[in-house]
Every structure is written in C-alpha cells, then in structure tokens.
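These notes concern the structure reproduced below.
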Amino acid sequence: MKVLVCMSVVPDTTTKITFTNNDTSFNAQGVQFIMNPYDELALTKALDIAEPAGGTVTILHVGPADAEPVIRKALSMGATDAVRINAVPSDSQFVAAQIAAYAKDKGFDFILTGRESIDYNGGAVCGLLGAMLNIPSISVITQLSVSGQTATIKRDIDGGRETVSCSLPFVASAQKELCEPRIPNMRGIMAARTKPLQVTDPASGTTHVNYVRFELPQPKQGVKMISADNPEELLHLLRNEAKVI
Amino acid sequence: MSVIVFAETRDQQYKKSTLEAVSYGKEVALKTGGKVIAVSIGGASDAASLGTYGADEVLTLHGTEFTTFSPEVYAAGFAEVCKTHGGKTIIISNTYSGKSIAGRVAVLLQAALATNVVDYPDTTSGFRVKRGVFSGKAFAYVEMQSDIKVIAVTPNSVEIKTYGASGSVSAHQPAGLPAPATRIEDTQTISGKIPLTEAEVVVSAGRGLKGPENWNMVEELAAVLGAATACSKPVSDMHWRPHSEHVGQTGITIKPNLYIAIGISGAIQHLAGVSSSKVIVVINKDAEAPFFKAADYGIVGDVFDVLPKLIQAAKASAAS
Ligand SMILES: Cc1cc2nc3c(=O)[nH]c(=O)nc-3n(C[C@H](O)[C@H](O)[C@H](O)COP(=O)(O)OP(=O)(O)OC[C@H]3O[C@@H](n4cnc5c(N)ncnc54)[C@H](O)[C@@H]3O)c2cc1C
Ligand SMILES: Nc1ncnc2c1ncn2[C@@H]1O[C@H](COP(=O)(O)O)[C@@H](O)[C@H]1O
C-alpha cells in the first residue's frame, strides 16, 4: 500500500497576525511555523492504515527550504520518506497542480490532505487534486478505513454526516475527529534524521490569483457592560440598538 | 457572457445561503453585464422564486446520476452548463457541499478559484475579491486573473436583495456524465437544528459551564432565540459536546449576526473563528476575561445566576 499525505506549513495558532510592506505580505518575523493541524491528522490516519499493511507513507510539501524542520517532524511521526517541491506555494491551484504533477504516475492507493490550511484557508486542494487526477475527492472526513480495494469514509455534510464508500484510488481531506495526532517519540526523532527527503523542481504551472493586500479586522468600538441583574436591558439593546434579534 | 450560480437545495428548497449567492450573482452582473442563471441539481419546490433574488433564468438539472451527492458528478454537470451558457463568473456557496465541488468546477473550466469570499468584488480595474484568511484573523484582497472565475461566498456575508422579477424555469438533462464513484451508505442529518455555519444567531459555551449536564440551559436559550449552539475546543475535546460544535481556528469559522459566548475565556484561537460575528455578547464571571475586549456587550456574572434570568427574560419578551 502506497499513501501520499500533503502537508502545508503554517504559523503557530497563537500567532498574532501582522503584515509588512504596506500590508502586502505576511510578517513572518518571530513567527513559529508548525505542521498544519489538519495535516497532522491526515498523516496519523495514513500511518495507522499503512503501517499494519506494511505500506509506505510519503509526505509531500510544496514550499521553500525553511519548511525542512517541519518535514523532519512528519518523518519523526512515522512517514517513510518526504518530498519537497521547491517552489513558493502561491495559491491552492498552483499547489494542487504541483502535487498532481508529482503524483500522477506514482500509483498511490490514496492521497490525504487537511480540510484546509489554517493560513490561507483555501479548503480547496482536495477537490482540485481530485479533478486534476480524475479520481474521487471526498472532503472533510471524520472516519476512514480501507479494506482491499474499497474505502469506507464518514464525511461532514451541511447539517449532518454521511457514510460513503468508494474504490481506490481517491483523495480525501482530514477533519478533526479523524484521529488524535501522533506525537513523535525519541526513536522516531532519531530515525527521521536519516530518512530520505527528496527535493525536486516544480513542474510548470500557472497562478490564477494574486494576493494584492491584507487587512486586519476592524477593532471593536469598546464593550458596553450590562448589569448581571438586568438581562432585560441586554435583550433590549440587542433588539433595538444592535438589531440582531 | 453570464453569471452562473450554483443553487444549493436542502429538502428540495433553496437554502438561505443560496439566496445570498443569487444576490451576489446579480450584483456581479450589474457590474459586468450579462444575465444571471441559477442552476440547481434536481427540482426545487420554489424554483421560480429565485427570480425575486436576481436570477434571470433558473435551470434545474435532472438525471439518475444525480440521485446521490457525488462531487465529481455534480461538478461535471454544473460545469457543462457553465460552458454551454458562456459562464464567466461562477458563484457557489462556501458550504461543505459547495466547497467540495468548487475546486473540481474550477479545474473543469480552467478558471481561477477563490473560496471563503466575504464581500462583493471590486471590478473597477480587474476583478478583486476579499477573502477571509488566517482563520478569521485577517482578510486578503485577491486579484482573479483568469477569464473565468469561480467564487465561493461565505454564508452570512452579503445581504439578500429582492428585485421583484420572476425567473423563467427550465429543466435540462446533461449528457455524458461520469457514473458516481462514491456510494452513499448512510446519511445522518441533525434534523430540526440550524446548521452552525448558516445560523444568524449562535449561543456558545465553554468550560465555565462546568459539565455537559449544564448544557440544557444553553440549549434552552438557543431555542428561545432561534439560535444554533456552539462550544469551545476543550468542551468538545472532553466530549461534553459533539466535535461538530467546536468553533475557532481549528474548528468551524462562523460569522453570525449575533454570537453569545458564555463561560468562554476568549483565547486567540477561539476568537479567530468567531470574531467576524457582527455583534458579540460575552457572559463571564471574570471581569478580566480577554473575551470582553472583543465584545460589543458584556455581562460580568456567574452563568448559573445570569443564564436562568436571561432565559426567563428572553421567554417573556418572545411571548410579548
Ligand atoms: C493548536 C491549538 C488550537 C486551538 N484551537 C482552538 C479552537 O479552534 N477553538 C477554541 O475554542 N480553542 C482552541 N484552542 C484552545 C484555546 O487556546 C483555549 O484553551 C480554549 O479556547 C479555552 O476554552 P474555554 O474558554 O472554554 O475555557 P477556559 O479558558 O478554561 O475558560 C473558561 C472561562 O469561563 C469562565 N467561567 C468559569 N466559571 C464560570 C461561571 N460559573 N460563570 C461564568 N463564567 C465562568 C472563566 O472566567 C473563564 O474565562 C486551541 C489551542 C491550541 C494549542
Ligand atoms: N504548500 C503545500 N504543500 C503541500 N500540501 C499543501 C500545501 N498547501 C496546502 N496543502 C494541502 O492542502 C490542504 C488544504 O489546503 P488549502 O486548500 O490551501 O486550504 C492542506 O491541509 C494540505 O494537506
């Protein structure tokens, strides 16, 4: 069994987001970068399925060399090998095109991504990859099991949940509840140092969108405090001042 | 040249987010020209009503391939219609189903894709959209450079407008669709409950509630206000509440008109997912809780004292 897990590298969740160059780029100064939390789930699930079957899990990242410590972390969690496509991940479509170009003739049994990357929140790579590779894409999954050539999957839908089955190969995106993320142990960390990390050049690909400018949300005007003994006042304000109920 | 809207249905009826998507499409058409075509898979009992919200035509797609929701089939059928009707701007709701087809549609149409879009485009020079990034911590203005554009609009981002016209409805059977590759074994819908991402009012609670047994108060307030319920991450991690209610940077990002946070401290990861809410009410016993800085209205008090009173007052005012 051969599995591919796509990983994005994102600012730590506690990061206070700021921008530089006249708000045209993210200010990465002093920011700690981590594996996208959903991708930790994707990787853990892939390992849980592939390891007992004697299979392999390849971790793939599209991005510059700064990501290598995070790629090593993925290897220490148990990934067999890693590939870094050396290009700036300018948007989901470019990233998906790179992944598709890499994966198309490798015979992966299935591919996992995260539900979305918590920096650019595209939530798009799974569907894009599915169409580019002409395989089913099943997004926002909370359960996955593979038996022979068939996968059984639970996915979130609007206002509910659905169990679907499909045959291999497919691509799916991991949502919370799929599993608890693995924490690398000492042996894993030692082993990761010598696991293969291949760096490849990007395939040609177009970027259809251009990030022009960033903006922070408007700060609140200040909070209006209401006495705990006067919930009527709160309801009155919500109805007549804020007009939201 | 036309604007084509994917008109999502639930139980054969258009969702509120669909009406927003149609209004969005109309707004784009007013700027770029062309007509607005709303496309729904399968019929809807209120198909003609989309005209009121700006659709010039409503197309309903039929075929046995559509019986169950399969992203590759839905995307193929919808993309075919976009091609035959000269779709230049394609509008889809940024819902679970909308997002699961948006990427595929973009690939089939060789279009630019922007998801999580929160405002009308700026078309003064080029085509620029505003999208939420960093899980609610920021916004980005993105120039879409392709001839064809696929835009996924976040629910509760734009107002529903009415135009007093009615759209002509016609049925269509797309040819050459792929057979569904996924088979649905089982569907569980949380019936009677408002999906969190589409709710206009959300009542949310955190660790301050002490235990799952106290959630009846939260449910009760939500019921009186017609709200959906949500929770902080530790609450779902401890299985007090289902994971589907977890909001925040690693949960669901929401933007209701009103978000009521009860016994939630306001950690940066929590705020990320909810700070786009129009109005935020915070109830917390600690006057120093960081959440008050992000709130519009606040009550300092013990939930076990405040909540019963608030429920009672809300019931009284709903009855009057
Ligand atoms: C990688 C990562 C991702 C994360 N993602 C998310 C996320 O997506 N969403 C999220 O919510 N969190 C997330 N967190 C967790 C976050 O950092 C906070 O720990 C969490 O939001 C706190 O939840 P809480 O406010 O319910 O609990 P607490 O921080 O324990 O706050 C409880 C609050 O209740 C108040 N309180 C207690 N008793 C009462 C009472 N009787 N009456 C009134 N008020 C009372 C207290 O004053 C306190 O302010 C993440 C953390 C990490 C590390
Ligand atoms: N630069 C990248 N390299 C590899 N995989 C990525 C990259 N960016 C995004 N992905 C994958 O696509 C998923 C969704 O990303 P996005 O569509 O950008 O929200 C992520 O959870 C990753 O699995």
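If you're wondering about the labels, chains in the structure tokens are A, B, ... by order shown, residues count from 1 in each chain, ligands from 1 in order shown.
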Do you know which residues are within 8 Å of ligand 1 using only C-alpha atoms and all ligand atoms? Can you write them as a ChimeraX atom specification?
/A:12-14,37 /B:205-210,231-235,246-252,262-273,283-287,289-291,300-305
How close does each residue of chain A get to ligand 2, giving the shortest atom pair and distance in Å to one decimal for every residue with an atom at most 8 Å away, counting only C-alpha atoms and all ligand atoms, sorted by chain and residue number, as a Markdown table?
```
| residue | atom | partner | partner_atom_place_in_ligand_line | distance |
| --- | --- | --- | --- | --- |
| A:Val5 | CA | ligand 2 | 23 (O) | 6.8 |
| A:Cys6 | CA | ligand 2 | 5 (N) | 4.0 |
| A:Met7 | CA | ligand 2 | 5 (N) | 4.0 |
| A:Ser8 | CA | ligand 2 | 7 (C) | 4.0 |
| A:Val9 | CA | ligand 2 | 1 (N) | 6.9 |
| A:Asn36 | CA | ligand 2 | 21 (O) | 6.2 |
| A:Pro37 | CA | ligand 2 | 21 (O) | 7.9 |
| A:Tyr38 | CA | ligand 2 | 21 (O) | 5.7 |
| A:Asp39 | CA | ligand 2 | 21 (O) | 5.1 |
| A:Ala42 | CA | ligand 2 | 23 (O) | 7.6 |
| A:Leu60 | CA | ligand 2 | 4 (C) | 5.6 |
| A:His61 | CA | ligand 2 | 3 (N) | 3.7 |
| A:Val62 | CA | ligand 2 | 3 (N) | 3.7 |
| A:Gly63 | CA | ligand 2 | 1 (N) | 5.4 |
| A:Ile85 | CA | ligand 2 | 3 (N) | 8.0 |
| A:Val88 | CA | ligand 2 | 1 (N) | 7.7 |
| A:Pro89 | CA | ligand 2 | 1 (N) | 4.9 |
| A:Asp91 | CA | ligand 2 | 18 (O) | 6.9 |
| A:Ser92 | CA | ligand 2 | 18 (O) | 4.8 |
| A:Val95 | CA | ligand 2 | 2 (C) | 5.8 |
| A:Ala96 | CA | ligand 2 | 6 (C) | 7.5 |
| A:Ile99 | CA | ligand 2 | 4 (C) | 7.1 |
| A:Leu112 | CA | ligand 2 | 23 (O) | 6.7 |
| A:Thr113 | CA | ligand 2 | 23 (O) | 3.3 |
| A:Gly114 | CA | ligand 2 | 21 (O) | 3.0 |
| A:Arg115 | CA | ligand 2 | 21 (O) | 5.4 |
| A:Glu116 | CA | ligand 2 | 19 (O) | 3.3 |
| A:Ser117 | CA | ligand 2 | 19 (O) | 3.8 |
| A:Ile118 | CA | ligand 2 | 19 (O) | 6.8 |
| A:Asp119 | CA | ligand 2 | 19 (O) | 7.7 |
| A:Tyr120 | CA | ligand 2 | 18 (O) | 5.8 |
| A:Asn121 | CA | ligand 2 | 19 (O) | 4.2 |
| A:Gly122 | CA | ligand 2 | 19 (O) | 3.5 |
| A:Gly123 | CA | ligand 2 | 19 (O) | 3.6 |
| A:Ala124 | CA | ligand 2 | 17 (O) | 3.7 |
| A:Val125 | CA | ligand 2 | 17 (O) | 4.0 |
| A:Cys126 | CA | ligand 2 | 12 (O) | 6.4 |
| A:Ser173 | CA | ligand 2 | 13 (C) | 7.2 |
| A:Ala174 | CA | ligand 2 | 21 (O) | 7.6 |
```
Considering only C-alpha atoms, return as a VMD selection string whatever protein or nucleic-acid residues lie within 8 Å of Val105 (chain B), sequence-local ones (same chain, fewer than 4 positions apart) excluded.
chain B and resid 75 to 76 78 to 79 101 109 150
Please list as a PDB file with N, CA, C and O atoms, in the first residue's frame every residue within 12 Å of region 236-242 of chain A, counting only C-alpha atoms and excluding residues in the same chain fewer than 5 positions away.
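Output contents, as saved in result-v4.pdb:
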```pdb
ATOM      1  N   LYS A 224     -19.925  47.461  25.839  1.00  0.00           N
ATOM      2  CA  LYS A 224     -20.921  48.101  26.705  1.00  0.00           C
ATOM      3  C   LYS A 224     -21.289  47.086  27.790  1.00  0.00           C
ATOM      4  O   LYS A 224     -21.742  45.982  27.475  1.00  0.00           O
ATOM      5  N   MET A 225     -21.050  47.453  29.049  1.00  0.00           N
ATOM      6  CA  MET A 225     -21.317  46.499  30.125  1.00  0.00           C
ATOM      7  C   MET A 225     -22.742  46.655  30.652  1.00  0.00           C
ATOM      8  O   MET A 225     -23.268  47.759  30.747  1.00  0.00           O
ATOM      9  N   ILE A 226     -23.323  45.513  30.953  1.00  0.00           N
ATOM     10  CA  ILE A 226     -24.697  45.481  31.429  1.00  0.00           C
ATOM     11  C   ILE A 226     -24.708  44.740  32.762  1.00  0.00           C
ATOM     12  O   ILE A 226     -23.994  43.747  32.926  1.00  0.00           O
ATOM     13  N   ASN A 230     -29.772  42.626  35.155  1.00  0.00           N
ATOM     14  CA  ASN A 230     -30.669  43.266  34.201  1.00  0.00           C
ATOM     15  C   ASN A 230     -30.592  42.651  32.799  1.00  0.00           C
ATOM     16  O   ASN A 230     -30.276  43.343  31.828  1.00  0.00           O
ATOM     17  N   PRO A 231     -30.889  41.357  32.671  1.00  0.00           N
ATOM     18  CA  PRO A 231     -30.814  40.736  31.347  1.00  0.00           C
ATOM     19  C   PRO A 231     -31.807  41.361  30.366  1.00  0.00           C
ATOM     20  O   PRO A 231     -31.586  41.321  29.158  1.00  0.00           O
TER      21      PRO A 231
ATOM     22  N   VAL B 201     -27.934  33.479  14.559  1.00  0.00           N
ATOM     23  CA  VAL B 201     -27.639  33.664  15.983  1.00  0.00           C
ATOM     24  C   VAL B 201     -26.999  32.374  16.499  1.00  0.00           C
ATOM     25  O   VAL B 201     -27.474  31.279  16.187  1.00  0.00           O
ATOM     26  N   LEU B 225     -34.067  31.882  21.236  1.00  0.00           N
ATOM     27  CA  LEU B 225     -33.548  32.876  20.278  1.00  0.00           C
ATOM     28  C   LEU B 225     -33.518  32.344  18.847  1.00  0.00           C
ATOM     29  O   LEU B 225     -33.091  33.046  17.938  1.00  0.00           O
ATOM     30  N   ASN B 257     -24.891  36.976  12.837  1.00  0.00           N
ATOM     31  CA  ASN B 257     -25.197  38.357  13.238  1.00  0.00           C
ATOM     32  C   ASN B 257     -24.937  38.542  14.724  1.00  0.00           C
ATOM     33  O   ASN B 257     -24.529  39.602  15.156  1.00  0.00           O
ATOM     34  N   LEU B 258     -25.218  37.488  15.476  1.00  0.00           N
ATOM     35  CA  LEU B 258     -25.068  37.581  16.931  1.00  0.00           C
ATOM     36  C   LEU B 258     -24.395  36.326  17.465  1.00  0.00           C
ATOM     37  O   LEU B 258     -24.838  35.208  17.185  1.00  0.00           O
ATOM     38  N   TYR B 259     -23.322  36.516  18.233  1.00  0.00           N
ATOM     39  CA  TYR B 259     -22.621  35.402  18.877  1.00  0.00           C
ATOM     40  C   TYR B 259     -22.632  35.645  20.384  1.00  0.00           C
ATOM     41  O   TYR B 259     -22.134  36.670  20.852  1.00  0.00           O
ATOM     42  N   ILE B 260     -23.230  34.745  21.120  1.00  0.00           N
ATOM     43  CA  ILE B 260     -23.278  34.887  22.574  1.00  0.00           C
ATOM     44  C   ILE B 260     -22.327  33.860  23.184  1.00  0.00           C
ATOM     45  O   ILE B 260     -22.520  32.659  23.026  1.00  0.00           O
ATOM     46  N   LYS B 278     -21.103  39.766  13.658  1.00  0.00           N
ATOM     47  CA  LYS B 278     -21.434  41.204  13.668  1.00  0.00           C
ATOM     48  C   LYS B 278     -21.456  41.741  15.095  1.00  0.00           C
ATOM     49  O   LYS B 278     -20.874  42.777  15.380  1.00  0.00           O
ATOM     50  N   VAL B 279     -22.166  41.046  15.972  1.00  0.00           N
ATOM     51  CA  VAL B 279     -22.292  41.509  17.347  1.00  0.00           C
ATOM     52  C   VAL B 279     -21.916  40.353  18.276  1.00  0.00           C
ATOM     53  O   VAL B 279     -22.345  39.218  18.072  1.00  0.00           O
ATOM     54  N   ILE B 280     -21.092  40.676  19.271  1.00  0.00           N
ATOM     55  CA  ILE B 280     -20.654  39.636  20.210  1.00  0.00           C
ATOM     56  C   ILE B 280     -21.070  40.008  21.631  1.00  0.00           C
ATOM     57  O   ILE B 280     -20.836  41.137  22.081  1.00  0.00           O
ATOM     58  N   VAL B 281     -21.711  39.072  22.309  1.00  0.00           N
ATOM     59  CA  VAL B 281     -22.075  39.242  23.711  1.00  0.00           C
ATOM     60  C   VAL B 281     -21.236  38.261  24.526  1.00  0.00           C
ATOM     61  O   VAL B 281     -21.144  37.085  24.171  1.00  0.00           O
ATOM     62  N   ASP B 296     -19.090  43.350  22.046  1.00  0.00           N
ATOM     63  CA  ASP B 296     -19.889  44.567  21.943  1.00  0.00           C
ATOM     64  C   ASP B 296     -20.680  44.798  23.224  1.00  0.00           C
ATOM     65  O   ASP B 296     -20.874  45.918  23.658  1.00  0.00           O
ATOM     66  N   TYR B 297     -21.178  43.704  23.797  1.00  0.00           N
ATOM     67  CA  TYR B 297     -21.924  43.797  25.049  1.00  0.00           C
ATOM     68  C   TYR B 297     -21.365  42.763  26.011  1.00  0.00           C
ATOM     69  O   TYR B 297     -20.990  41.657  25.598  1.00  0.00           O
ATOM     70  N   GLY B 298     -21.325  43.114  27.280  1.00  0.00           N
ATOM     71  CA  GLY B 298     -20.773  42.173  28.241  1.00  0.00           C
ATOM     72  C   GLY B 298     -21.559  42.162  29.537  1.00  0.00           C
ATOM     73  O   GLY B 298     -22.130  43.184  29.944  1.00  0.00           O
ATOM     74  N   LEU B 310     -31.592  35.260  32.157  1.00  0.00           N
ATOM     75  CA  LEU B 310     -31.616  35.685  30.759  1.00  0.00           C
ATOM     76  C   LEU B 310     -32.633  34.851  29.969  1.00  0.00           C
ATOM     77  O   LEU B 310     -33.382  35.380  29.142  1.00  0.00           O
ATOM     78  N   ALA B 313     -36.071  36.086  30.846  1.00  0.00           N
ATOM     79  CA  ALA B 313     -36.355  37.374  30.218  1.00  0.00           C
ATOM     80  C   ALA B 313     -36.590  37.199  28.715  1.00  0.00           C
ATOM     81  O   ALA B 313     -37.482  37.834  28.140  1.00  0.00           O
ATOM     82  N   ALA B 314     -35.799  36.325  28.083  1.00  0.00           N
ATOM     83  CA  ALA B 314     -35.956  36.110  26.641  1.00  0.00           C
ATOM     84  C   ALA B 314     -37.303  35.458  26.346  1.00  0.00           C
ATOM     85  O   ALA B 314     -37.970  35.807  25.365  1.00  0.00           O
ATOM     86  N   SER B 317     -39.963  38.094  26.717  1.00  0.00           N
ATOM     87  CA  SER B 317     -40.005  39.077  25.630  1.00  0.00           C
ATOM     88  C   SER B 317     -40.445  38.420  24.321  1.00  0.00           C
ATOM     89  O   SER B 317     -41.048  39.074  23.474  1.00  0.00           O
ATOM     90  N   ALA B 318     -40.158  37.122  24.170  1.00  0.00           N
ATOM     91  CA  ALA B 318     -40.645  36.422  22.976  1.00  0.00           C
ATOM     92  C   ALA B 318     -42.157  36.275  23.023  1.00  0.00           C
ATOM     93  O   ALA B 318     -42.834  36.300  21.994  1.00  0.00           O
TER      94      ALA B 318
END
```
Considering only strand (DSSP E or B) as DSSP defines it on the backbone, what residues of region 35-114 of chain A qualify? List them as a VMD selection string.
chain A and resid 35 56 to 62 81 to 85 110 to 114
Which parts of region 50-109 of chain B does DSSP call helix (DSSP H, G or I) when run on the backbone here, written out as a count of residues only?
35
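Residues lying within 12 Å of Thr189 (chain B), counting only C-alpha atoms and ignoring same-chain neighbours fewer than 5 positions away, are Arg155, Asp156, Ile157, Asp158, Gly159, Gly160, Arg161, Glu162 and Thr163 of chain A; Arg10, Asp11, Ile194 and Pro195 of chain B.
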Can you pull out every residue within 12 Å of Thr154 (chain B), counting only C-alpha atoms, but drop anything in the same chain fewer than 4 positions away, and send it as a PyMOL selection string?
(chain A and resi 121-122) or (chain B and resi 16-18+20-21+24+91-96+98-99+114-120+130-132+136+158-159+197-198+253-256+276)
With only C-alpha atoms as the atoms that count, which of A:Gly78, A:Gly205, A:Pro219, A:Gly54 lies nearest to chain B?
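Ranked by minimum distance to chain B, first place goes to A:Pro219.
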